[in-house]
Amino acid sequence: MEKAQLARFEAILMKKREELRPGQTKDERQEAHDFGRDEGDRANFSQSKEMAFRQKAQERGLLILVEGALSRIRDGSFGSCLNCEQEISLNRLNAVPWSRYCITCQELIMERS
């Protein structure tokens with residue numbers, strides 16, 4: 001992969017990492033409001049807390065993938081499939097720059113799951 005392409009992907013990944021870093025999401029103090037008077041209000045509050053927890057877990061997982069891609073840029077393995085070691089297509093990397101697998105290997109992994 002050319003240096004210019006690597007630099008572009010690195011910039012994209014660094015921007016994404018900054019978006020996902022803790023403290024960049026909605027301030028939790030805004031969520032610490034009164035439970036409400038009735039059971040419906042408490043259920044709504046509980047559901048919104050659960051949704052926020054799941055969203056943060058997904059963001060943490062994505063952050064790990066982004067940091068892994070940045071690490072692969074540094075060690076020179078970015079753009080190579082971690083399974084078959086073939087080059088990942090630029091179209092795939094443009095769509096999902098933190099991709100670890102080529103589309104063929106990704107499909108095989110998804111079938112096994």
# chains A, B, ... in the order shown; residues from 1 in each chain; ligands from 1
$ residues_around --residues "A:Ser80" --least-positions-apart "5" --cutoff "9 Å" --atoms "only C-alpha atoms" --output "PDB file with all heavy atoms, in the first residue's frame"
ATOM      1  N   GLU A  85      -3.738 -13.626   5.013  1.00  0.00           N
ATOM      2  CA  GLU A  85      -2.619 -12.716   4.735  1.00  0.00           C
ATOM      3  C   GLU A  85      -2.654 -12.112   3.333  1.00  0.00           C
ATOM      4  O   GLU A  85      -1.687 -11.501   2.895  1.00  0.00           O
ATOM      5  CB  GLU A  85      -1.279 -13.397   5.013  1.00  0.00           C
ATOM      6  CG  GLU A  85      -1.127 -13.801   6.460  1.00  0.00           C
ATOM      7  CD  GLU A  85       0.195 -14.455   6.777  1.00  0.00           C
ATOM      8  OE1 GLU A  85       1.038 -14.604   5.865  1.00  0.00           O
ATOM      9  OE2 GLU A  85       0.388 -14.816   7.949  1.00  0.00           O
ATOM     10  N   GLN A  86      -3.772 -12.275   2.624  1.00  0.00           N
ATOM     11  CA  GLN A  86      -3.945 -11.629   1.329  1.00  0.00           C
ATOM     12  C   GLN A  86      -4.320 -10.162   1.560  1.00  0.00           C
ATOM     13  O   GLN A  86      -4.769  -9.777   2.645  1.00  0.00           O
ATOM     14  CB  GLN A  86      -5.052 -12.314   0.515  1.00  0.00           C
ATOM     15  CG  GLN A  86      -4.739 -13.753   0.172  1.00  0.00           C
ATOM     16  CD  GLN A  86      -3.551 -13.873  -0.758  1.00  0.00           C
ATOM     17  OE1 GLN A  86      -3.447 -13.145  -1.741  1.00  0.00           O
ATOM     18  NE2 GLN A  86      -2.640 -14.783  -0.429  1.00  0.00           N
ATOM     19  N   GLU A  87      -4.154  -9.359   0.533  1.00  0.00           N
ATOM     20  CA  GLU A  87      -4.465  -7.939   0.650  1.00  0.00           C
ATOM     21  C   GLU A  87      -5.978  -7.740   0.739  1.00  0.00           C
ATOM     22  O   GLU A  87      -6.744  -8.345  -0.016  1.00  0.00           O
ATOM     23  CB  GLU A  87      -3.907  -7.198  -0.566  1.00  0.00           C
ATOM     24  CG  GLU A  87      -3.992  -5.699  -0.447  1.00  0.00           C
ATOM     25  CD  GLU A  87      -3.262  -4.993  -1.576  1.00  0.00           C
ATOM     26  OE1 GLU A  87      -2.141  -5.395  -1.895  1.00  0.00           O
ATOM     27  OE2 GLU A  87      -3.847  -4.044  -2.120  1.00  0.00           O
ATOM     28  N   ILE A  88      -6.394  -6.888   1.657  1.00  0.00           N
ATOM     29  CA  ILE A  88      -7.807  -6.501   1.775  1.00  0.00           C
ATOM     30  C   ILE A  88      -8.067  -5.438   0.724  1.00  0.00           C
ATOM     31  O   ILE A  88      -7.262  -4.511   0.556  1.00  0.00           O
ATOM     32  CB  ILE A  88      -8.113  -5.955   3.183  1.00  0.00           C
ATOM     33  CG1 ILE A  88      -7.824  -7.017   4.239  1.00  0.00           C
ATOM     34  CG2 ILE A  88      -9.563  -5.482   3.276  1.00  0.00           C
ATOM     35  CD1 ILE A  88      -7.910  -6.516   5.675  1.00  0.00           C
ATOM     36  N   ARG A 100     -10.245  -6.324   9.687  1.00  0.00           N
ATOM     37  CA  ARG A 100      -9.132  -7.224   9.981  1.00  0.00           C
ATOM     38  C   ARG A 100      -9.027  -8.338   8.957  1.00  0.00           C
ATOM     39  O   ARG A 100      -7.980  -8.970   8.846  1.00  0.00           O
ATOM     40  CB  ARG A 100      -9.307  -7.844  11.374  1.00  0.00           C
ATOM     41  CG  ARG A 100      -9.325  -6.793  12.477  1.00  0.00           C
ATOM     42  CD  ARG A 100      -9.502  -7.422  13.830  1.00  0.00           C
ATOM     43  NE  ARG A 100     -10.835  -8.046  13.923  1.00  0.00           N
ATOM     44  CZ  ARG A 100     -11.215  -8.825  14.912  1.00  0.00           C
ATOM     45  NH1 ARG A 100     -10.378  -9.113  15.888  1.00  0.00           N
ATOM     46  NH2 ARG A 100     -12.424  -9.341  14.937  1.00  0.00           N
ATOM     47  N   TYR A 101     -10.127  -8.589   8.235  1.00  0.00           N
ATOM     48  CA  TYR A 101     -10.171  -9.720   7.324  1.00  0.00           C
ATOM     49  C   TYR A 101     -10.640  -9.278   5.940  1.00  0.00           C
ATOM     50  O   TYR A 101     -11.435  -8.343   5.814  1.00  0.00           O
ATOM     51  CB  TYR A 101     -11.133 -10.793   7.842  1.00  0.00           C
ATOM     52  CG  TYR A 101     -10.827 -11.244   9.242  1.00  0.00           C
ATOM     53  CD1 TYR A 101     -11.609 -10.856  10.319  1.00  0.00           C
ATOM     54  CD2 TYR A 101      -9.728 -12.064   9.492  1.00  0.00           C
ATOM     55  CE1 TYR A 101     -11.317 -11.263  11.602  1.00  0.00           C
ATOM     56  CE2 TYR A 101      -9.423 -12.472  10.780  1.00  0.00           C
ATOM     57  CZ  TYR A 101     -10.227 -12.068  11.835  1.00  0.00           C
ATOM     58  OH  TYR A 101      -9.921 -12.467  13.108  1.00  0.00           O
ATOM     59  N   CYS A 102     -10.184 -10.006   4.913  1.00  0.00           N
ATOM     60  CA  CYS A 102     -10.715  -9.788   3.573  1.00  0.00           C
ATOM     61  C   CYS A 102     -12.174 -10.253   3.580  1.00  0.00           C
ATOM     62  O   CYS A 102     -12.620 -10.934   4.507  1.00  0.00           O
ATOM     63  CB  CYS A 102      -9.881 -10.543   2.535  1.00  0.00           C
ATOM     64  SG  CYS A 102      -9.981 -12.350   2.672  1.00  0.00           S
TER      65      CYS A 102
END
$ atom_distance --atom1 "atom CA of A:Leu65" --atom2 "atom CA of A:Gln47"
27.4 Å
$ residues_around --residues "A:Glu10" --least-positions-apart "3" --cutoff "10 Å" --atoms "only C-alpha atoms" --output "list in words"
Ala4, Gln5, Leu6, Ala7, Leu13, Met14, Lys15, Lys16, Val66, Ala69, Leu70, Ser71, Ile73, Arg74, Phe78 and Pro97 of chain A
$ write_last_selection --atoms "N, CA and C atoms" --output "JSON list (two decimals), in the first residue's frame"
[["chain", "number", "residue", "atom", "x", "y", "z"],
["A", 4, "ALA", "N", 0.83, 7.43, 0.89],
["A", 4, "ALA", "CA", -0.27, 8.41, 0.93],
["A", 4, "ALA", "C", -1.57, 7.74, 1.37],
["A", 5, "GLN", "N", -1.81, 6.52, 0.90],
["A", 5, "GLN", "CA", -3.01, 5.80, 1.31],
["A", 5, "GLN", "C", -2.96, 5.46, 2.79],
["A", 6, "LEU", "N", -1.80, 5.01, 3.25],
["A", 6, "LEU", "CA", -1.64, 4.70, 4.68],
["A", 6, "LEU", "C", -1.86, 5.94, 5.54],
["A", 7, "ALA", "N", -1.31, 7.07, 5.10],
["A", 7, "ALA", "CA", -1.48, 8.31, 5.86],
["A", 7, "ALA", "C", -2.95, 8.71, 5.92],
["A", 13, "LEU", "N", -8.62, 6.85, 10.94],
["A", 13, "LEU", "CA", -8.69, 6.04, 12.16],
["A", 13, "LEU", "C", -8.43, 6.86, 13.41],
["A", 14, "MET", "N", -7.51, 7.81, 13.34],
["A", 14, "MET", "CA", -7.24, 8.65, 14.51],
["A", 14, "MET", "C", -8.45, 9.52, 14.83],
["A", 15, "LYS", "N", -9.12, 10.02, 13.79],
["A", 15, "LYS", "CA", -10.33, 10.82, 14.02],
["A", 15, "LYS", "C", -11.41, 9.96, 14.67],
["A", 16, "LYS", "N", -11.58, 8.74, 14.17],
["A", 16, "LYS", "CA", -12.58, 7.83, 14.74],
["A", 16, "LYS", "C", -12.24, 7.50, 16.18],
["A", 66, "VAL", "N", -10.38, -0.11, 16.16],
["A", 66, "VAL", "CA", -9.69, 1.06, 15.58],
["A", 66, "VAL", "C", -8.25, 1.10, 16.06],
["A", 69, "ALA", "N", -6.21, -1.43, 14.26],
["A", 69, "ALA", "CA", -5.86, -1.01, 12.89],
["A", 69, "ALA", "C", -4.70, -0.01, 12.92],
["A", 70, "LEU", "N", -4.73, 0.91, 13.88],
["A", 70, "LEU", "CA", -3.61, 1.86, 14.01],
["A", 70, "LEU", "C", -2.31, 1.14, 14.34],
["A", 71, "SER", "N", -2.40, 0.11, 15.15],
["A", 71, "SER", "CA", -1.22, -0.69, 15.47],
["A", 71, "SER", "C", -0.69, -1.41, 14.24],
["A", 73, "ILE", "N", -0.99, -0.35, 11.20],
["A", 73, "ILE", "CA", -0.34, 0.66, 10.37],
["A", 73, "ILE", "C", 1.10, 0.84, 10.83],
["A", 74, "ARG", "N", 1.29, 0.93, 12.14],
["A", 74, "ARG", "CA", 2.64, 1.12, 12.69],
["A", 74, "ARG", "C", 3.56, -0.07, 12.41],
["A", 78, "PHE", "N", -0.99, -3.38, 8.06],
["A", 78, "PHE", "CA", -2.31, -2.84, 7.73],
["A", 78, "PHE", "C", -2.65, -3.16, 6.28],
["A", 97, "PRO", "N", -12.39, 0.97, 7.59],
["A", 97, "PRO", "CA", -10.93, 1.03, 7.68],
["A", 97, "PRO", "C", -10.33, 0.15, 8.77]]
$ select_by_dssp --residues "chain A" --states "alpha helix (DSSP H)" --output "MDAnalysis selection string"
chainID A and resid 3:20 39:75 90:95 103:112
$ atom_distance --atom1 "atom CA of A:Asn94" --atom2 "atom CA of A:Ala57"
24.2 Å
$ closest_residue --among "A:Cys105, A:Leu82, A:Ala11, A:Leu20" --to "A:Glu59" --atoms "only C-alpha atoms"
A:Leu20
$ atom_distance --atom1 "atom CA of A:Ile109" --atom2 "atom CA of A:Gln55"
23.8 Å
$ closest_residue --among "A:Glu111, A:Arg60, A:Asn83, A:Glu67" --to "A:Pro22" --atoms "only C-alpha atoms"
A:Arg60
$ closest_residue --among "A:Ala95, A:Leu90, A:Leu108, A:Leu63" --to "A:Arg17" --atoms "only C-alpha atoms"
A:Leu63
$ closest_residue --among "A:Met51, A:Val96, A:Met110, A:Ile64" --to "A:Gly79" --atoms "only C-alpha atoms"
A:Val96
